[in-house]
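*Asks:* Before anything else, here's the structure in question.
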Amino acid sequence: MSSTLVPDYSGGGIVNLMQSIASACGSTHARYPQLHLLSAAQLARARHVLLIVIDGLGLRTLSRHGVSPRLQGHLLGSMTSVFPSTTASAITTFMTGLAPAQHGLTGWHMHLDEIDQTLAILPLTPRTGPPRLLPEQLPPRLFEHPSLFQTLDRESWVVAPQSIAGSTFNAWHSRGAQSMAYRTLPGMFAGIAAVLQEAVAPRYVYAYYPDLDACSHHYGTDSRQALQALAGFDAHFGELVRQLRGSDSWLLVTADHGFIDSPGRRVIDLDDHPQLAALLLRPLCGERRVAYCYVAAANRPAFEAYVRRHFGRACHLYRSDQLIAAGWFGPAPYHPRLSTRVGDYTLLMKDNWTIKDWLPEEKRYTMLGVHGGISSNEMRVPLIALRV
């Protein structure tokens with residue numbers, strides 16, 4: 001298994017890339033150090049800045065296979081994701097410039113005190129029961145942060161798949177930018193090229209590509225389907241470079257997280273541990289690789305004892321406030337509800353273990369490729385950068 005790696009917020013992480021981009025594009029907010037690999041001064045020398053995020057492209061996937069020569073040819077270096085190394089937390093960082101400690105989005109499932117309900121935070125749908133509020137009623141109560149685009153002094157664009165472009169989450173986090181939806185990979189690249197080629201004034205363009213992540217979850221990180229998705233992206237990227245020559249643009253490509261594979265024999269199912277499930281105040285939150293546990297004070301000694309006795313080979317047990325204090329979610333100041341969104345305990349899975357619970361009404365499914373933890377394969381993402 002790969003080594004472990006905690007997120008870097010001091011100059012080597014995606015938060016720092018966003019600080020470099022924000023400062024280059026006129027933001028006066030300087031919450032974090034700029035990225036050591038690429039400063040705002042370097043980025044500001046070009047007229048336009050394009051950032052494409054390939055969901056799930058870990059450094060290992062890029063480097064191990066020879067299917068993406070154009071991307072590899074412009075690899076500047078690598079960065080860490082945020083904690084947890086998952087889309088809900090990292091994409092919010094790309095769209096706000098904030099670490100999870102500030103934006104407060106801590107995984108796929110989050111229990112929200114504001115509405116006393118657990119939501120899947122990207123679609124804003126409840127894990128169980130009817131919604132207390134409609135998705136469009138939620139953001140002002142849940143997302144107090146501005147978008148990155150609202151802080152810039154240049155025209156910005158968000159290029160997103162049609163399936164999510166109009167979602168409440170995406171609309172809220174795209175405020176201050178113009179939006180373009182695409183249906184296909186060629187459509188995404190055609191839209192990017194059009195936005196940058198027609199530009200008169202400097203522009204910042206953020207684009208998001210989800211297919212590699214979907215293939216890696218379903219088929220595995222080294223599957224033919226995942227590698228085909230990456231190879232297809234690489235070919236279109238090469239054509240985009242050709243089209244934009246002379247446009248005076250920085251072209252940046254990175255990812256929100258990497259991946260590992262977790263076979264079925266490495267899944268802890270809480271159906272097999274009813275004694276532990278009975279100690280929880282509510283179902284697990286967070287991710288399969290990083291599970292937040294809410295436990296009443298009277299049950300905590302029994303909870304700790306059970307985890308250490310039965311799960312010691314599979315996970316590390318932390319008090320969640322320890323991880324906040326250690327800076328895993330980012331530096332202070334913290335989101336006012338951060339501590340309530342990560343439970344009393346965090347189960348950080350070792351090696352390629354995962355943990356999952358299922359509610360009676362949930363449709364069960366398997367997931368081979370997973371992420372969210374702190375293995376270097378999940379945490380380390382590439383930075384592809386070239387000026388054209």
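Labels for the structure tokens follow display order: chains A, B, ..., residues from 1 in each chain, ligands from 1.
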Just want the 9 Å neighbourhood of region 288-302 of chain A, counted on only C-alpha atoms, with same-chain residues fewer than 5 positions away dropped. Output as an NGL selection string.
*Replies:* :A and (84 or 107 or 110 or 267 or 276 or 279-283 or 307 or 320 or 341-350 or 352-356 or 370-374)
*Asks:* Can I get the residues of region 179-276 of chain A within 12 Å of region 24-44 of chain A, each with the closest pair of atoms and their distance in Å to one decimal, using only C-alpha atoms, sorted chain first then ascending number, as a Markdown table?
*Replies:*
```
| residue | atom | partner | partner_atom | distance |
| --- | --- | --- | --- | --- |
| A:Ala201 | CA | A:Cys25 | CA | 12.0 |
| A:Pro202 | CA | A:Cys25 | CA | 8.7 |
| A:Arg203 | CA | A:Cys25 | CA | 8.4 |
| A:Tyr204 | CA | A:Cys25 | CA | 7.4 |
| A:Val205 | CA | A:Cys25 | CA | 10.9 |
| A:Asp248 | CA | A:Leu43 | CA | 10.6 |
| A:Ser249 | CA | A:Leu43 | CA | 8.9 |
| A:Trp250 | CA | A:Leu43 | CA | 6.8 |
| A:Leu251 | CA | A:Leu43 | CA | 9.9 |
| A:Leu252 | CA | A:Leu43 | CA | 10.2 |
```
*Asks:* Pull the closest atom pair for each residue of region 243-343 of chain A that gets at most 12 Å from region 141-152 of chain A, along with the distance in Å to one decimal, counting only C-alpha atoms, ordering rows by chain and then ascending residue number, as CSV.
*Replies:*
```
residue,atom,partner,partner_atom,distance
A:His335,CA,A:Glu144,CA,9.5
A:Pro336,CA,A:Glu144,CA,10.4
A:Arg337,CA,A:Leu142,CA,9.7
A:Leu338,CA,A:Leu142,CA,11.6
A:Arg341,CA,A:Leu142,CA,11.4
```
*Asks:* Using DSSP secondary structure from the backbone, list all strand (DSSP E) positions within region 80-143 of chain A, as a ChimeraX atom specification.
*Replies:* /A:80,109-112,117-120,125-126
*Asks:* Please save N, CA and C atoms of the selected residues as a PDB file, in the first residue's frame.
*Replies:*
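New file selection-v1.pdb:
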```
ATOM      1  N   THR A  80      -1.065  18.275  -2.737  1.00  0.00           N
ATOM      2  CA  THR A  80      -1.992  17.470  -1.962  1.00  0.00           C
ATOM      3  C   THR A  80      -3.408  17.998  -2.144  1.00  0.00           C
ATOM      4  N   HIS A 109     -21.785  12.647   2.954  1.00  0.00           N
ATOM      5  CA  HIS A 109     -22.912  12.743   3.889  1.00  0.00           C
ATOM      6  C   HIS A 109     -22.526  13.651   5.047  1.00  0.00           C
ATOM      7  N   MET A 110     -23.353  14.638   5.307  1.00  0.00           N
ATOM      8  CA  MET A 110     -23.090  15.583   6.391  1.00  0.00           C
ATOM      9  C   MET A 110     -24.348  15.764   7.224  1.00  0.00           C
ATOM     10  N   HIS A 111     -24.187  15.673   8.549  1.00  0.00           N
ATOM     11  CA  HIS A 111     -25.308  16.015   9.422  1.00  0.00           C
ATOM     12  C   HIS A 111     -25.251  17.512   9.702  1.00  0.00           C
ATOM     13  N   LEU A 112     -26.371  18.168   9.445  1.00  0.00           N
ATOM     14  CA  LEU A 112     -26.437  19.617   9.525  1.00  0.00           C
ATOM     15  C   LEU A 112     -27.369  20.027  10.656  1.00  0.00           C
ATOM     16  N   GLN A 117     -30.825  17.376   9.977  1.00  0.00           N
ATOM     17  CA  GLN A 117     -30.994  16.325   8.982  1.00  0.00           C
ATOM     18  C   GLN A 117     -29.638  16.031   8.344  1.00  0.00           C
ATOM     19  N   THR A 118     -29.440  14.781   7.904  1.00  0.00           N
ATOM     20  CA  THR A 118     -28.222  14.387   7.207  1.00  0.00           C
ATOM     21  C   THR A 118     -28.477  14.444   5.712  1.00  0.00           C
ATOM     22  N   LEU A 119     -27.652  15.217   5.002  1.00  0.00           N
ATOM     23  CA  LEU A 119     -27.801  15.386   3.567  1.00  0.00           C
ATOM     24  C   LEU A 119     -26.609  14.814   2.826  1.00  0.00           C
ATOM     25  N   ALA A 120     -26.857  14.340   1.596  1.00  0.00           N
ATOM     26  CA  ALA A 120     -25.787  14.223   0.612  1.00  0.00           C
ATOM     27  C   ALA A 120     -25.559  15.633   0.100  1.00  0.00           C
ATOM     28  N   THR A 125     -29.739  16.363  -0.990  1.00  0.00           N
ATOM     29  CA  THR A 125     -30.876  15.483  -0.738  1.00  0.00           C
ATOM     30  C   THR A 125     -30.679  14.770   0.598  1.00  0.00           C
ATOM     31  N   PRO A 126     -31.751  14.532   1.345  1.00  0.00           N
ATOM     32  CA  PRO A 126     -31.618  13.886   2.653  1.00  0.00           C
ATOM     33  C   PRO A 126     -31.258  12.419   2.516  1.00  0.00           C
TER      34      PRO A 126
END
```
*Asks:* Using CA of Thr184 (chain A) and CA of Tyr209 (chain A) as the two end points, give the distance in Å to one decimal.
*Replies:* 9.7 Å
*Asks:* Between region 288-382 of chain A and region 8-13 of chain A, at 9 Å or less, what are the per-residue closest atom pairs and their distances in Å? Count only C-alpha atoms, order by chain and rising residue number, and return it as a tab-separated table.
*Replies:*
```
residue	atom	partner	partner_atom	distance
A:Gly327	CA	A:Tyr9	CA	8.7
A:Trp328	CA	A:Asp8	CA	8.5
A:Gly330	CA	A:Tyr9	CA	6.4
A:Pro331	CA	A:Tyr9	CA	7.5
A:Arg380	CA	A:Gly13	CA	8.9
A:Val381	CA	A:Gly13	CA	8.9
```
*Asks:* Please dump the current selection as a CSV table (one decimal), in the first residue's frame; keep N, CA and C atoms.
*Replies:*
```csv
chain,number,residue,atom,x,y,z
A,327,GLY,N,-5.0,20.5,12.3
A,327,GLY,CA,-5.0,21.2,11.0
A,327,GLY,C,-5.3,20.4,9.8
A,328,TRP,N,-5.9,19.2,10.0
A,328,TRP,CA,-6.1,18.4,8.8
A,328,TRP,C,-7.2,19.0,7.9
A,330,GLY,N,-7.6,22.2,7.6
A,330,GLY,CA,-7.1,23.5,7.3
A,330,GLY,C,-6.8,24.3,8.5
A,331,PRO,N,-6.1,25.5,8.3
A,331,PRO,CA,-5.8,26.3,9.4
A,331,PRO,C,-7.0,27.1,10.0
A,380,ARG,N,-2.4,12.7,-3.3
A,380,ARG,CA,-1.5,13.4,-4.2
A,380,ARG,C,-2.1,13.5,-5.6
A,381,VAL,N,-2.2,14.8,-6.1
A,381,VAL,CA,-2.7,15.1,-7.4
A,381,VAL,C,-1.7,15.8,-8.2
```
*Asks:* Counting only C-alpha atoms, which of A:Pro131, A:Pro210, A:Gly238, A:Pro100 gets nearest to Leu71 (chain A)?
*Replies:*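 Nearest to Leu71 (chain A): A:Gly238.
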*Asks:* I want to know what sits within 6 Å of Ser216 (chain A), based on only C-alpha atoms, with residues of the same chain fewer than 3 positions away left out; could you give that as a list in words?
*Replies:*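 Once the adjacent positions are removed, what remains is Asp213, Tyr219, Gly220, Thr221, Ala226 and Gly369 of chain A.
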*Asks:* Please, could you write that set of residues out with N, CA and C atoms as a compact mmCIF listing (two decimals), in the first residue's frame?
*Replies:*
```txt
# COMPACT_ATOMS: atom_id res chain seq x y z
N ASP A 213 -13.66 9.83 -12.69
CA ASP A 213 -14.09 9.47 -11.34
C ASP A 213 -15.18 8.40 -11.40
N TYR A 219 -15.47 0.63 -12.02
CA TYR A 219 -14.67 -0.43 -12.64
C TYR A 219 -13.29 -0.60 -12.01
N GLY A 220 -12.83 0.40 -11.25
CA GLY A 220 -11.50 0.32 -10.66
C GLY A 220 -10.53 1.31 -11.28
N THR A 221 -9.48 1.60 -10.54
CA THR A 221 -8.58 2.68 -10.93
C THR A 221 -7.76 2.35 -12.17
N ALA A 226 -11.61 3.35 -17.18
CA ALA A 226 -11.00 4.55 -16.61
C ALA A 226 -9.88 5.07 -17.50
N GLY A 369 -13.46 1.42 -6.73
CA GLY A 369 -12.54 2.54 -6.52
C GLY A 369 -13.08 3.46 -5.45
```
*Asks:* Please return, as a PyMOL selection string, all residues of region 311-343 of chain A that DSSP assigns to helix (DSSP H, G or I) on the basis of the backbone.
*Replies:* chain A and resi 320-325+339-341
*Asks:* Give me a file of those residues, with C-alpha atoms, as a PDB file, in the first residue's frame.
*Replies:*
```pdb
ATOM      1  CA  SER A 320     -12.656  14.489  15.650  1.00  0.00           C
ATOM      2  CA  ASP A 321     -11.607  17.578  17.593  1.00  0.00           C
ATOM      3  CA  GLN A 322      -8.047  16.208  17.504  1.00  0.00           C
ATOM      4  CA  LEU A 323      -8.048  16.309  13.713  1.00  0.00           C
ATOM      5  CA  ILE A 324      -9.402  19.857  13.690  1.00  0.00           C
ATOM      6  CA  ALA A 325      -6.727  20.989  16.135  1.00  0.00           C
ATOM      7  CA  SER A 339     -16.985  20.624  14.876  1.00  0.00           C
ATOM      8  CA  THR A 340     -20.649  19.628  14.601  1.00  0.00           C
ATOM      9  CA  ARG A 341     -20.126  18.432  11.017  1.00  0.00           C
TER      10      ARG A 341
END
```
*Asks:* Can you tell me which residues surround Ser167 (chain A) at a distance of at most 9 Å, considering only C-alpha atoms, apart from same-chain residues fewer than 3 positions away, and format the answer as a VMD selection string?
*Replies:* chain A and resid 122 to 123 135 to 136 163 to 164 170 to 172
*Asks:* I want to know what sits within 9 Å of His236 (chain A), based on only C-alpha atoms, with residues of the same chain fewer than 5 positions away left out; could you give that as a PyMOL selection string?
*Replies:* chain A and resi 185-186+189+231+241
*Asks:* Would you save the residues from that selection as a short mmCIF file (atom, residue, chain, number, x, y, z; two decimals), in the first residue's frame, using N, CA, C and O atoms?
*Replies:*
```cif
data_model
loop_
_atom_site.label_atom_id
_atom_site.label_comp_id
_atom_site.auth_asym_id
_atom_site.auth_seq_id
_atom_site.Cartn_x
_atom_site.Cartn_y
_atom_site.Cartn_z
N LEU A 185 -17.59 15.28 -23.87
CA LEU A 185 -16.21 15.73 -23.74
C LEU A 185 -15.81 16.67 -24.88
O LEU A 185 -15.25 17.75 -24.60
N PRO A 186 -16.08 16.35 -26.15
CA PRO A 186 -15.78 17.33 -27.20
C PRO A 186 -16.52 18.65 -26.99
O PRO A 186 -15.97 19.73 -27.28
N PHE A 189 -14.57 20.83 -24.45
CA PHE A 189 -13.39 21.48 -25.01
C PHE A 189 -13.76 22.55 -26.04
O PHE A 189 -13.10 23.59 -26.12
N ALA A 231 -7.48 8.76 -21.61
CA ALA A 231 -6.89 8.89 -22.94
C ALA A 231 -7.71 9.83 -23.82
O ALA A 231 -7.15 10.64 -24.58
N VAL A 241 -4.61 22.74 -26.84
CA VAL A 241 -3.32 23.44 -26.83
C VAL A 241 -3.03 24.02 -28.20
O VAL A 241 -2.60 25.18 -28.33
#
```
*Asks:* Have a look at CA of Leu134 (chain A) and CA of Phe94 (chain A) and let me know their distance in Å, one decimal.
*Replies:*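 The value is 25.2 Å.
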*Asks:* Find the residue from A:Leu270, A:Val49, A:Ala326, A:Ile91 that sits nearest to Ala199 (chain A); use only C-alpha atoms when measuring.
*Replies:* A:Val49
